[in-house]
$ cat data-v9.pdb   # PDB, C-alpha atoms
ATOM      1  CA  MET A 521    -121.562 -39.816-209.763
ATOM      2  CA  THR A 522    -119.482 -39.942-212.940
ATOM      3  CA  LYS A 523    -118.999 -43.174-214.835
ATOM      4  CA  LYS A 524    -115.938 -45.080-213.636
ATOM      5  CA  THR A 525    -113.781 -47.931-214.851
ATOM      6  CA  ILE A 526    -113.142 -50.168-211.851
ATOM      7  CA  LEU A 527    -110.611 -52.986-211.457
ATOM      8  CA  ILE A 528    -111.718 -55.570-208.894
ATOM      9  CA  THR A 529    -109.492 -58.333-207.558
ATOM     10  CA  GLY A 530    -111.213 -61.460-206.282
ATOM     11  CA  ALA A 531    -114.304 -60.953-208.420
ATOM     12  CA  GLY A 532    -114.935 -64.646-209.043
ATOM     13  CA  SER A 533    -117.346 -65.044-206.129
ATOM     14  CA  GLY A 534    -118.859 -63.410-203.069
ATOM     15  CA  PHE A 535    -118.768 -59.657-202.584
ATOM     16  CA  GLY A 536    -116.551 -58.964-205.592
ATOM     17  CA  LYS A 537    -118.735 -60.787-208.055
ATOM     18  CA  GLY A 538    -122.009 -59.414-206.702
ATOM     19  CA  ALA A 539    -120.754 -55.839-206.638
ATOM     20  CA  ALA A 540    -119.185 -56.140-210.106
ATOM     21  CA  ILE A 541    -122.585 -57.047-211.550
ATOM     22  CA  GLY A 542    -124.361 -54.344-209.565
ATOM     23  CA  MET A 543    -121.932 -51.586-210.534
ATOM     24  CA  ALA A 544    -122.069 -52.635-214.191
ATOM     25  CA  ARG A 545    -125.861 -52.401-214.076
ATOM     26  CA  ASN A 546    -125.401 -48.867-212.733
ATOM     27  CA  GLY A 547    -123.420 -47.930-215.842
ATOM     28  CA  HIS A 548    -119.828 -48.407-214.709
ATOM     29  CA  ASP A 549    -117.217 -50.358-216.680
ATOM     30  CA  ILE A 550    -115.735 -53.232-214.717
ATOM     31  CA  ILE A 551    -112.526 -55.240-215.047
ATOM     32  CA  ALA A 552    -113.500 -58.274-212.992
ATOM     33  CA  THR A 553    -110.407 -60.311-212.186
ATOM     34  CA  VAL A 554    -110.364 -63.843-210.840
ATOM     35  CA  HIS A 555    -107.690 -65.925-209.182
ATOM     36  CA  VAL A 556    -107.498 -68.998-211.426
ATOM     37  CA  SER A 557    -107.960 -69.527-215.151
ATOM     38  CA  SER A 558    -110.808 -72.003-214.671
ATOM     39  CA  GLN A 559    -112.956 -69.169-213.261
ATOM     40  CA  VAL A 560    -112.576 -66.950-216.324
ATOM     41  CA  THR A 561    -114.815 -68.655-218.882
ATOM     42  CA  PRO A 562    -117.713 -69.437-216.485
ATOM     43  CA  LEU A 563    -117.802 -65.820-215.339
ATOM     44  CA  ARG A 564    -117.613 -64.535-218.921
ATOM     45  CA  GLU A 565    -120.534 -66.795-219.803
ATOM     46  CA  GLU A 566    -122.529 -65.604-216.783
ATOM     47  CA  VAL A 567    -121.819 -61.975-217.698
ATOM     48  CA  ALA A 568    -122.963 -62.628-221.272
ATOM     49  CA  ALA A 569    -126.157 -64.301-220.048
ATOM     50  CA  LEU A 570    -126.869 -61.190-217.965
ATOM     51  CA  GLY A 571    -126.374 -58.982-221.025
ATOM     52  CA  LEU A 572    -123.399 -57.219-219.432
ATOM     53  CA  SER A 573    -120.562 -58.195-221.771
ATOM     54  CA  ASP A 574    -120.191 -54.583-222.887
ATOM     55  CA  ARG A 575    -119.726 -53.508-219.260
ATOM     56  CA  ILE A 576    -117.765 -56.330-217.587
ATOM     57  CA  ARG A 577    -114.422 -57.572-218.861
ATOM     58  CA  VAL A 578    -113.231 -60.743-217.125
ATOM     59  CA  GLU A 579    -109.504 -61.371-216.731
ATOM     60  CA  ARG A 580    -107.264 -63.607-214.649
ATOM     61  CA  LEU A 581    -105.228 -61.809-212.001
ATOM     62  CA  ASP A 582    -103.388 -64.244-209.768
ATOM     63  CA  LEU A 583    -101.655 -62.029-207.218
ATOM     64  CA  THR A 584     -98.975 -64.673-206.711
ATOM     65  CA  ASP A 585     -98.012 -64.387-210.404
ATOM     66  CA  PRO A 586     -95.736 -61.346-210.969
ATOM     67  CA  TYR A 587     -96.549 -61.375-214.694
ATOM     68  CA  ASP A 588    -100.264 -61.089-213.948
ATOM     69  CA  ILE A 589     -99.565 -58.157-211.628
ATOM     70  CA  ARG A 590     -97.324 -56.448-214.191
ATOM     71  CA  GLN A 591    -100.009 -56.796-216.855
ATOM     72  CA  ALA A 592    -102.758 -55.431-214.595
ATOM     73  CA  GLN A 593    -100.634 -52.414-213.676
ATOM     74  CA  LYS A 594    -100.749 -51.371-217.346
ATOM     75  CA  TRP A 595    -104.541 -51.464-217.669
ATOM     76  CA  ASP A 596    -106.498 -48.225-217.768
ATOM     77  CA  PHE A 597    -109.014 -47.670-214.947
ATOM     78  CA  ASP A 598    -110.116 -45.088-212.386
ATOM     79  CA  VAL A 599    -110.612 -47.196-209.256
ATOM     80  CA  LEU A 600    -108.528 -50.067-207.897
ATOM     81  CA  TRP A 601    -110.522 -52.250-205.523
ATOM     82  CA  ASN A 602    -108.230 -54.635-203.642
ATOM     83  CA  ASN A 603    -110.872 -57.186-202.711
ATOM     84  CA  ALA A 604    -109.093 -60.548-203.063
ATOM     85  CA  GLY A 605    -107.996 -62.301-199.911
ATOM     86  CA  MET A 606    -107.762 -65.525-197.948
ATOM     87  CA  GLY A 607    -107.702 -66.407-194.295
ATOM     88  CA  GLU A 608    -106.015 -68.677-191.785
ATOM     89  CA  ALA A 609    -107.805 -69.283-188.511
ATOM     90  CA  GLY A 610    -106.888 -71.147-185.353
ATOM     91  CA  PRO A 611    -104.973 -70.327-182.167
ATOM     92  CA  VAL A 612    -102.147 -67.867-182.824
ATOM     93  CA  TRP A 613     -99.954 -69.529-180.203
ATOM     94  CA  GLU A 614    -100.022 -72.846-182.108
ATOM     95  CA  ILE A 615    -100.534 -72.030-185.814
ATOM     96  CA  PRO A 616     -97.579 -72.942-188.059
ATOM     97  CA  VAL A 617     -95.764 -69.699-188.845
ATOM     98  CA  ASP A 618     -95.398 -70.550-192.536
ATOM     99  CA  LEU A 619     -99.205 -70.291-192.785
ATOM    100  CA  VAL A 620     -99.066 -66.867-191.128
ATOM    101  CA  ARG A 621     -96.464 -65.751-193.686
ATOM    102  CA  LYS A 622     -98.638 -67.023-196.544
ATOM    103  CA  ASN A 623    -101.671 -65.155-195.226
ATOM    104  CA  TYR A 624     -99.663 -61.925-195.098
ATOM    105  CA  GLU A 625     -98.301 -62.512-198.592
ATOM    106  CA  VAL A 626    -101.780 -62.838-200.125
ATOM    107  CA  ASN A 627    -103.641 -60.269-198.027
ATOM    108  CA  VAL A 628    -100.993 -57.586-197.476
ATOM    109  CA  PHE A 629     -97.742 -57.797-199.442
ATOM    110  CA  LEU A 630     -99.093 -58.716-202.883
ATOM    111  CA  PRO A 631    -101.945 -56.157-202.837
ATOM    112  CA  LEU A 632     -99.312 -53.600-201.795
ATOM    113  CA  VAL A 633     -97.144 -54.552-204.797
ATOM    114  CA  LEU A 634    -100.131 -54.181-207.129
ATOM    115  CA  THR A 635    -101.189 -50.890-205.551
ATOM    116  CA  GLN A 636     -97.722 -49.332-205.533
ATOM    117  CA  GLY A 637     -97.278 -49.922-209.250
ATOM    118  CA  ILE A 638    -100.680 -48.447-210.063
ATOM    119  CA  VAL A 639    -100.574 -45.339-207.873
ATOM    120  CA  GLN A 640     -96.993 -44.569-208.895
ATOM    121  CA  ARG A 641     -98.091 -44.678-212.534
ATOM    122  CA  TRP A 642    -101.052 -42.399-211.788
ATOM    123  CA  VAL A 643     -98.770 -39.907-210.048
ATOM    124  CA  ARG A 644     -96.222 -40.072-212.868
ATOM    125  CA  GLU A 645     -98.968 -39.410-215.435
ATOM    126  CA  GLY A 646    -100.628 -36.683-213.361
ATOM    127  CA  ARG A 647    -103.829 -38.725-213.029
ATOM    128  CA  THR A 648    -106.220 -38.852-210.128
ATOM    129  CA  GLY A 649    -107.823 -42.073-208.950
ATOM    130  CA  LYS A 650    -109.070 -44.062-206.006
ATOM    131  CA  VAL A 651    -107.910 -47.156-204.128
ATOM    132  CA  VAL A 652    -110.331 -49.231-202.051
ATOM    133  CA  PHE A 653    -109.295 -52.055-199.722
ATOM    134  CA  THR A 654    -111.686 -54.741-198.507
ATOM    135  CA  SER A 655    -110.695 -54.888-194.865
ATOM    136  CA  SER A 656    -112.991 -56.463-192.271
ATOM    137  CA  MET A 657    -114.715 -55.859-188.983
ATOM    138  CA  GLY A 658    -111.673 -57.882-187.900
ATOM    139  CA  GLY A 659    -109.428 -55.033-188.996
ATOM    140  CA  LEU A 660    -110.644 -53.168-185.918
ATOM    141  CA  PHE A 661    -110.765 -55.863-183.234
ATOM    142  CA  THR A 662    -109.305 -59.313-182.580
ATOM    143  CA  PRO A 663    -111.426 -62.289-181.517
ATOM    144  CA  ALA A 664    -109.660 -65.398-180.246
ATOM    145  CA  ASN A 665    -108.818 -68.023-182.875
ATOM    146  CA  TRP A 666    -109.078 -65.502-185.730
ATOM    147  CA  GLY A 667    -105.899 -63.606-184.891
ATOM    148  CA  THR A 668    -103.832 -64.486-187.961
ATOM    149  CA  TYR A 669    -106.430 -63.433-190.505
ATOM    150  CA  VAL A 670    -107.561 -60.303-188.701
ATOM    151  CA  SER A 671    -103.966 -59.204-188.092
ATOM    152  CA  THR A 672    -103.555 -59.007-191.886
ATOM    153  CA  LYS A 673    -106.581 -56.715-191.958
ATOM    154  CA  HIS A 674    -105.089 -54.627-189.142
ATOM    155  CA  ALA A 675    -102.019 -54.227-191.377
ATOM    156  CA  LEU A 676    -104.194 -53.193-194.333
ATOM    157  CA  GLU A 677    -105.890 -50.594-192.150
ATOM    158  CA  ALA A 678    -102.501 -49.079-191.315
ATOM    159  CA  PHE A 679    -101.311 -49.067-194.926
ATOM    160  CA  ALA A 680    -104.587 -47.542-196.111
ATOM    161  CA  GLU A 681    -104.566 -44.831-193.454
ATOM    162  CA  ALA A 682    -100.976 -43.920-194.299
ATOM    163  CA  MET A 683    -101.659 -43.869-198.039
ATOM    164  CA  GLN A 684    -104.740 -41.709-197.591
ATOM    165  CA  GLN A 685    -102.487 -39.024-196.115
ATOM    166  CA  GLU A 686     -99.535 -39.588-198.458
ATOM    167  CA  LEU A 687    -101.525 -39.545-201.696
ATOM    168  CA  ALA A 688    -104.015 -36.780-200.943
ATOM    169  CA  ALA A 689    -101.741 -34.138-202.477
ATOM    170  CA  TYR A 690    -101.833 -36.067-205.769
ATOM    171  CA  GLY A 691    -105.627 -36.300-205.896
ATOM    172  CA  ILE A 692    -105.669 -40.035-205.158
ATOM    173  CA  LYS A 693    -108.287 -41.123-202.620
ATOM    174  CA  VAL A 694    -108.104 -44.181-200.361
ATOM    175  CA  GLN A 695    -110.904 -46.022-198.532
ATOM    176  CA  THR A 696    -111.515 -49.206-196.609
ATOM    177  CA  ILE A 697    -114.656 -51.324-196.499
ATOM    178  CA  ASN A 698    -115.173 -53.340-193.322
ATOM    179  CA  PRO A 699    -117.815 -56.057-193.677
ATOM    180  CA  GLY A 700    -119.303 -57.931-190.786
ATOM    181  CA  ALA A 701    -119.562 -61.740-190.875
ATOM    182  CA  TYR A 702    -121.729 -62.044-193.969
ATOM    183  CA  TYR A 703    -122.613 -65.490-195.266
ATOM    184  CA  THR A 704    -120.610 -65.735-198.492
ATOM    185  CA  GLY A 705    -118.802 -68.986-197.675
ATOM    186  CA  TYR A 706    -115.530 -67.097-197.124
ATOM    187  CA  ASN A 707    -115.554 -67.220-193.321
ATOM    188  CA  GLU A 708    -116.941 -70.744-193.256
ATOM    189  CA  THR A 709    -114.118 -72.014-195.480
ATOM    190  CA  MET A 710    -111.554 -70.130-193.398
ATOM    191  CA  ALA A 711    -112.861 -71.885-190.309
ATOM    192  CA  ASP A 712    -112.038 -75.244-191.931
ATOM    193  CA  ASN A 713    -108.379 -74.350-192.483
ATOM    194  CA  PRO A 714    -106.980 -75.121-189.002
ATOM    195  CA  PHE A 715    -108.189 -78.695-189.208
ATOM    196  CA  ARG A 716    -105.608 -79.552-191.826
ATOM    197  CA  TRP A 717    -102.820 -79.024-189.273
ATOM    198  CA  LEU A 718    -104.444 -79.157-185.825
ATOM    199  CA  ASP A 719    -103.556 -82.517-184.226
ATOM    200  CA  ASP A 720    -104.971 -83.676-180.907
ATOM    201  CA  GLU A 721    -101.785 -85.684-180.299
ATOM    202  CA  VAL A 722     -99.554 -82.635-180.803
ATOM    203  CA  ASN A 723    -101.511 -79.470-180.096
ATOM    204  CA  PHE A 724    -102.956 -78.206-176.825
ATOM    205  CA  THR A 725    -106.062 -76.822-178.572
ATOM    206  CA  LYS A 726    -108.433 -79.696-179.218
ATOM    207  CA  ARG A 727    -110.121 -80.063-182.589
ATOM    208  CA  ALA A 728    -113.596 -80.664-181.144
ATOM    209  CA  ASP A 729    -113.393 -77.560-178.936
ATOM    210  CA  LEU A 730    -112.294 -75.318-181.809
ATOM    211  CA  ARG A 731    -114.967 -76.704-184.120
ATOM    212  CA  LYS A 732    -117.670 -76.138-181.526
ATOM    213  CA  GLY A 733    -116.572 -72.537-181.050
ATOM    214  CA  PHE A 734    -116.759 -71.873-184.798
ATOM    215  CA  ASP A 735    -120.084 -73.679-185.195
ATOM    216  CA  ASP A 736    -121.611 -71.784-182.278
ATOM    217  CA  PHE A 737    -120.621 -68.453-183.841
ATOM    218  CA  PHE A 738    -121.939 -69.316-187.292
ATOM    219  CA  ALA A 739    -125.244 -70.393-185.733
ATOM    220  CA  THR A 740    -125.853 -66.846-184.441
ATOM    221  CA  PRO A 741    -127.571 -64.142-186.515
ATOM    222  CA  GLU A 742    -124.324 -62.088-186.405
ATOM    223  CA  GLY A 743    -122.413 -65.020-187.903
ATOM    224  CA  LYS A 744    -124.693 -65.598-190.871
ATOM    225  CA  MET A 745    -125.874 -62.256-192.242
ATOM    226  CA  ASP A 746    -127.314 -61.853-195.748
ATOM    227  CA  PRO A 747    -124.434 -60.666-197.986
ATOM    228  CA  GLN A 748    -126.756 -58.711-200.294
ATOM    229  CA  GLU A 749    -126.844 -55.913-197.709
ATOM    230  CA  MET A 750    -123.055 -55.559-197.946
ATOM    231  CA  ILE A 751    -123.028 -55.883-201.738
ATOM    232  CA  ASP A 752    -125.601 -53.086-202.039
ATOM    233  CA  ARG A 753    -123.390 -50.800-199.934
ATOM    234  CA  MET A 754    -120.257 -51.744-201.903
ATOM    235  CA  ILE A 755    -122.042 -50.830-205.147
ATOM    236  CA  GLU A 756    -122.492 -47.332-203.694
ATOM    237  CA  ILE A 757    -119.139 -46.915-201.937
ATOM    238  CA  VAL A 758    -116.583 -48.157-204.472
ATOM    239  CA  PRO A 759    -117.372 -45.789-207.392
ATOM    240  CA  ALA A 760    -118.222 -42.768-205.221
ATOM    241  CA  ASP A 761    -116.165 -39.573-205.424
ATOM    242  CA  GLU A 762    -116.880 -38.737-201.775
ATOM    243  CA  GLY A 763    -117.497 -40.749-198.648
ATOM    244  CA  LYS A 764    -116.047 -41.933-195.357
ATOM    245  CA  PHE A 765    -112.525 -43.354-195.184
ATOM    246  CA  ARG A 766    -113.726 -46.360-193.167
ATOM    247  CA  ASN A 767    -117.021 -48.054-194.041
ATOM    248  CA  VAL A 768    -118.299 -50.607-191.521
ATOM    249  CA  VAL A 769    -121.490 -52.506-192.368
ATOM    250  CA  PRO A 770    -123.941 -53.151-190.757
ATOM    251  CA  GLN A 771    -124.453 -50.321-188.253
ATOM    252  CA  VAL A 772    -124.778 -52.732-185.321
ATOM    253  CA  ILE A 773    -121.234 -53.953-186.017
ATOM    254  CA  GLU A 774    -119.932 -50.371-186.246
ATOM    255  CA  ASP A 775    -121.480 -49.657-182.859
ATOM    256  CA  MET A 776    -119.981 -52.833-181.381
ATOM    257  CA  LEU A 777    -116.513 -51.935-182.693
ATOM    258  CA  LYS A 778    -116.688 -48.430-181.239
ATOM    259  CA  ASP A 779    -117.687 -49.860-177.862
ATOM    260  CA  HIS A 780    -114.873 -52.421-178.079
ATOM    261  CA  GLN A 781    -112.260 -49.782-178.870
ATOM    262  CA  LEU A 782    -113.374 -47.634-175.939
ATOM    263  CA  ALA A 783    -113.367 -50.635-173.615
ATOM    264  CA  ALA A 784    -109.837 -51.556-174.765
ATOM    265  CA  TRP A 785    -108.468 -48.596-172.762
ATOM    266  CA  GLU A 786    -109.685 -50.280-169.571
ATOM    267  CA  ASN A 787    -108.673 -53.834-170.542
ATOM    268  CA  ARG A 788    -106.567 -55.418-167.798
ATOM    269  CA  ILE A 789    -104.288 -58.438-167.816
TER     270      ILE A 789
END
$ encode --input "data-v9.pdb" --output "structure tokens"
Amino acid sequence: MTKKTILITGAGSGFGKGAAIGMARNGHDIIATVHVSSQVTPLREEVAALGLSDRIRVERLDLTDPYDIRQAQKWDFDVLWNNAGMGEAGPVWEIPVDLVRKNYEVNVFLPLVLTQGIVQRWVREGRTGKVVFTSSMGGLFTPANWGTYVSTKHALEAFAEAMQQELAAYGIKVQTINPGAYYTGYNETMADNPFRWLDDEVNFTKRADLRKGFDDFFATPEGKMDPQEMIDRMIEIVPADEGKFRNVVPQVIEDMLKDHQLAAWENRI
């Protein structure tokens, strides 16, 4: 594998941060971007303490700031990893639609804006490159009460699959990574979001019932997997010149998704 320069969005915590450090240790140059300014200095200090300042450059990239996006589109790198995201949970039939719109803005529309500017520049300059999207196991199936978030990942899957075909002639590769429910705090925080709007006096879905459903899932082994397994795979996948278009981890989740998709043909109302 040749040395790459890799831009990562959402590198302030979780998968992005862990993989940024791991890929830097493997000799790659990393532009680790974080959402808010207050994350920049602590991450720079952590990188320095790890002796990786010559490999990891930390910058702010707030996807909701068009100036941040414009600046990032001018940086020089080989791989764009669209990893940043957020999630709204709760019953789709009751969730406020403005929260659905916001989830699509952050997870779908803004990464598309960033990606379009970068790949168009690569094509204009005759450069090859690679785009990776952090999707989800939820990009390939839809559990109740997670429909808003996973629908954004379904949309990313469609965009990525289209771009893989559209950009192949220009030497630009596209991949998705589909993690299971690893314990990074991301899913747990997402599960808290409905409780800022869910009202037992207004909504049909009761707060206690929804909370119990979330808590029961997170108490299972499948709901609380060690994220290091996923980080180790990301360290391999993101810089690689070859590989699968879709990358589901762990294998047991890939098998479950395949079974689910087959069963969907026989699903009856």
$ resolve_selection --input "data-v9.pdb" --expression "the PyMOL selection byres ((chain A and resi 544) around 10)" --output "list in words"
Lys523, Lys524, Thr525, Ile526, Ala539, Ala540, Ile541, Gly542, Met543, Arg545, Asn546, Gly547, His548, Asp549, Ile550, Ile551, Val567, Leu572, Ser573, Asp574, Arg575, Ile576 and Ile755 of chain A
$ residues_near_point --input "data-v9.pdb" --point "(-121.2, -61.6, -195.2)" --cutoff "10 Å" --atoms "only C-alpha atoms" --output "compact mmCIF listing (two decimals) with C-alpha atoms, in the frame of the given file"
# COMPACT_ATOMS: atom_id res chain seq x y z
CA GLY A 534 -118.86 -63.41 -203.07
CA PHE A 535 -118.77 -59.66 -202.58
CA PRO A 699 -117.82 -56.06 -193.68
CA GLY A 700 -119.30 -57.93 -190.79
CA ALA A 701 -119.56 -61.74 -190.88
CA TYR A 702 -121.73 -62.04 -193.97
CA TYR A 703 -122.61 -65.49 -195.27
CA THR A 704 -120.61 -65.74 -198.49
CA GLY A 705 -118.80 -68.99 -197.68
CA TYR A 706 -115.53 -67.10 -197.12
CA ASN A 707 -115.55 -67.22 -193.32
CA GLU A 742 -124.32 -62.09 -186.40
CA GLY A 743 -122.41 -65.02 -187.90
CA LYS A 744 -124.69 -65.60 -190.87
CA MET A 745 -125.87 -62.26 -192.24
CA ASP A 746 -127.31 -61.85 -195.75
CA PRO A 747 -124.43 -60.67 -197.99
CA GLN A 748 -126.76 -58.71 -200.29
CA GLU A 749 -126.84 -55.91 -197.71
CA MET A 750 -123.06 -55.56 -197.95
CA ILE A 751 -123.03 -55.88 -201.74
CA VAL A 769 -121.49 -52.51 -192.37
CA PRO A 770 -123.94 -53.15 -190.76
$ residues_around --input "data-v9.pdb" --residues "Ile697 of chain A" --least-positions-apart "3" --cutoff "6 Å" --atoms "all atoms listed in the file" --output "list in words"
Thr654, Ser655 and Asn767 of chain A
$ closest_residue --input "data-v9.pdb" --among "A:Asp761, A:Asp712, A:Asp720, A:Glu625" --to "Thr584 of chain A" --atoms "all atoms listed in the file"
A:Glu625
$ resolve_selection --input "data-v9.pdb" --expression "the PyMOL selection byres ((chain A and resi 595-609) around 6)" --output "ChimeraX atom specification"
/A:524-530,592-594,610,627,649-654,665-666,669,710-711,714
$ build_atoms --input "data-v9.pdb" --residues "segment 545-554 of chain A" --atoms "all heavy atoms" --output "mmCIF file, keeping the file's coordinate frame"
data_model
loop_
_atom_site.group_PDB
_atom_site.id
_atom_site.type_symbol
_atom_site.label_atom_id
_atom_site.label_comp_id
_atom_site.auth_asym_id
_atom_site.auth_seq_id
_atom_site.Cartn_x
_atom_site.Cartn_y
_atom_site.Cartn_z
ATOM 1 N N ARG A 545 -124.459 -52.761 -213.824
ATOM 2 C CA ARG A 545 -125.861 -52.401 -214.076
ATOM 3 C C ARG A 545 -126.113 -50.916 -213.834
ATOM 4 O O ARG A 545 -127.026 -50.336 -214.420
ATOM 5 C CB ARG A 545 -126.777 -53.253 -213.195
ATOM 6 C CG ARG A 545 -126.909 -54.695 -213.691
ATOM 7 C CD ARG A 545 -127.721 -55.547 -212.745
ATOM 8 N NE ARG A 545 -128.058 -56.845 -213.335
ATOM 9 C CZ ARG A 545 -128.348 -57.926 -212.630
ATOM 10 N NH1 ARG A 545 -128.371 -57.865 -211.297
ATOM 11 N NH2 ARG A 545 -128.651 -59.059 -213.236
ATOM 12 N N ASN A 546 -125.279 -50.303 -212.994
ATOM 13 C CA ASN A 546 -125.401 -48.867 -212.733
ATOM 14 C C ASN A 546 -124.635 -48.023 -213.742
ATOM 15 O O ASN A 546 -124.560 -46.804 -213.586
ATOM 16 C CB ASN A 546 -124.922 -48.549 -211.313
ATOM 17 C CG ASN A 546 -125.925 -48.963 -210.246
ATOM 18 O OD1 ASN A 546 -127.063 -49.317 -210.554
ATOM 19 N ND2 ASN A 546 -125.512 -48.934 -208.996
ATOM 20 N N GLY A 547 -124.058 -48.675 -214.766
ATOM 21 C CA GLY A 547 -123.420 -47.930 -215.842
ATOM 22 C C GLY A 547 -121.914 -47.836 -215.792
ATOM 23 O O GLY A 547 -121.303 -47.205 -216.662
ATOM 24 N N HIS A 548 -121.283 -48.449 -214.798
ATOM 25 C CA HIS A 548 -119.828 -48.407 -214.709
ATOM 26 C C HIS A 548 -119.207 -49.532 -215.540
ATOM 27 O O HIS A 548 -119.828 -50.577 -215.776
ATOM 28 C CB HIS A 548 -119.375 -48.526 -213.254
ATOM 29 C CG HIS A 548 -119.884 -47.422 -212.382
ATOM 30 N ND1 HIS A 548 -119.405 -46.132 -212.466
ATOM 31 C CD2 HIS A 548 -120.848 -47.403 -211.428
ATOM 32 C CE1 HIS A 548 -120.037 -45.368 -211.596
ATOM 33 N NE2 HIS A 548 -120.925 -46.112 -210.948
ATOM 34 N N ASP A 549 -117.974 -49.325 -215.973
ATOM 35 C CA ASP A 549 -117.217 -50.358 -216.680
ATOM 36 C C ASP A 549 -116.350 -51.096 -215.672
ATOM 37 O O ASP A 549 -115.649 -50.464 -214.867
ATOM 38 C CB ASP A 549 -116.340 -49.742 -217.774
ATOM 39 C CG ASP A 549 -117.164 -49.181 -218.931
ATOM 40 O OD1 ASP A 549 -118.254 -49.733 -219.192
ATOM 41 O OD2 ASP A 549 -116.718 -48.208 -219.562
ATOM 42 N N ILE A 550 -116.382 -52.407 -215.731
ATOM 43 C CA ILE A 550 -115.735 -53.232 -214.717
ATOM 44 C C ILE A 550 -114.689 -54.144 -215.356
ATOM 45 O O ILE A 550 -114.950 -54.786 -216.372
ATOM 46 C CB ILE A 550 -116.765 -54.114 -213.981
ATOM 47 C CG1 ILE A 550 -117.937 -53.264 -213.444
ATOM 48 C CG2 ILE A 550 -116.087 -54.913 -212.877
ATOM 49 C CD1 ILE A 550 -117.563 -52.231 -212.433
ATOM 50 N N ILE A 551 -113.507 -54.192 -214.750
ATOM 51 C CA ILE A 551 -112.526 -55.240 -215.047
ATOM 52 C C ILE A 551 -112.587 -56.203 -213.867
ATOM 53 O O ILE A 551 -112.045 -55.923 -212.796
ATOM 54 C CB ILE A 551 -111.109 -54.679 -215.240
ATOM 55 C CG1 ILE A 551 -111.099 -53.564 -216.281
ATOM 56 C CG2 ILE A 551 -110.149 -55.792 -215.652
ATOM 57 C CD1 ILE A 551 -109.756 -52.842 -216.402
ATOM 58 N N ALA A 552 -113.289 -57.296 -214.058
ATOM 59 C CA ALA A 552 -113.500 -58.274 -212.992
ATOM 60 C C ALA A 552 -112.410 -59.332 -213.094
ATOM 61 O O ALA A 552 -112.381 -60.106 -214.054
ATOM 62 C CB ALA A 552 -114.881 -58.911 -213.120
ATOM 63 N N THR A 553 -111.509 -59.354 -212.116
ATOM 64 C CA THR A 553 -110.407 -60.311 -212.186
ATOM 65 C C THR A 553 -110.635 -61.453 -211.206
ATOM 66 O O THR A 553 -111.194 -61.275 -210.125
ATOM 67 C CB THR A 553 -109.052 -59.643 -211.908
ATOM 68 O OG1 THR A 553 -108.935 -59.307 -210.523
ATOM 69 C CG2 THR A 553 -108.881 -58.396 -212.770
ATOM 70 N N VAL A 554 -110.184 -62.630 -211.634
ATOM 71 C CA VAL A 554 -110.364 -63.843 -210.840
ATOM 72 C C VAL A 554 -109.013 -64.499 -210.623
ATOM 73 O O VAL A 554 -108.047 -64.234 -211.337
ATOM 74 C CB VAL A 554 -111.335 -64.819 -211.539
ATOM 75 C CG1 VAL A 554 -112.716 -64.196 -211.676
ATOM 76 C CG2 VAL A 554 -110.811 -65.251 -212.913
#
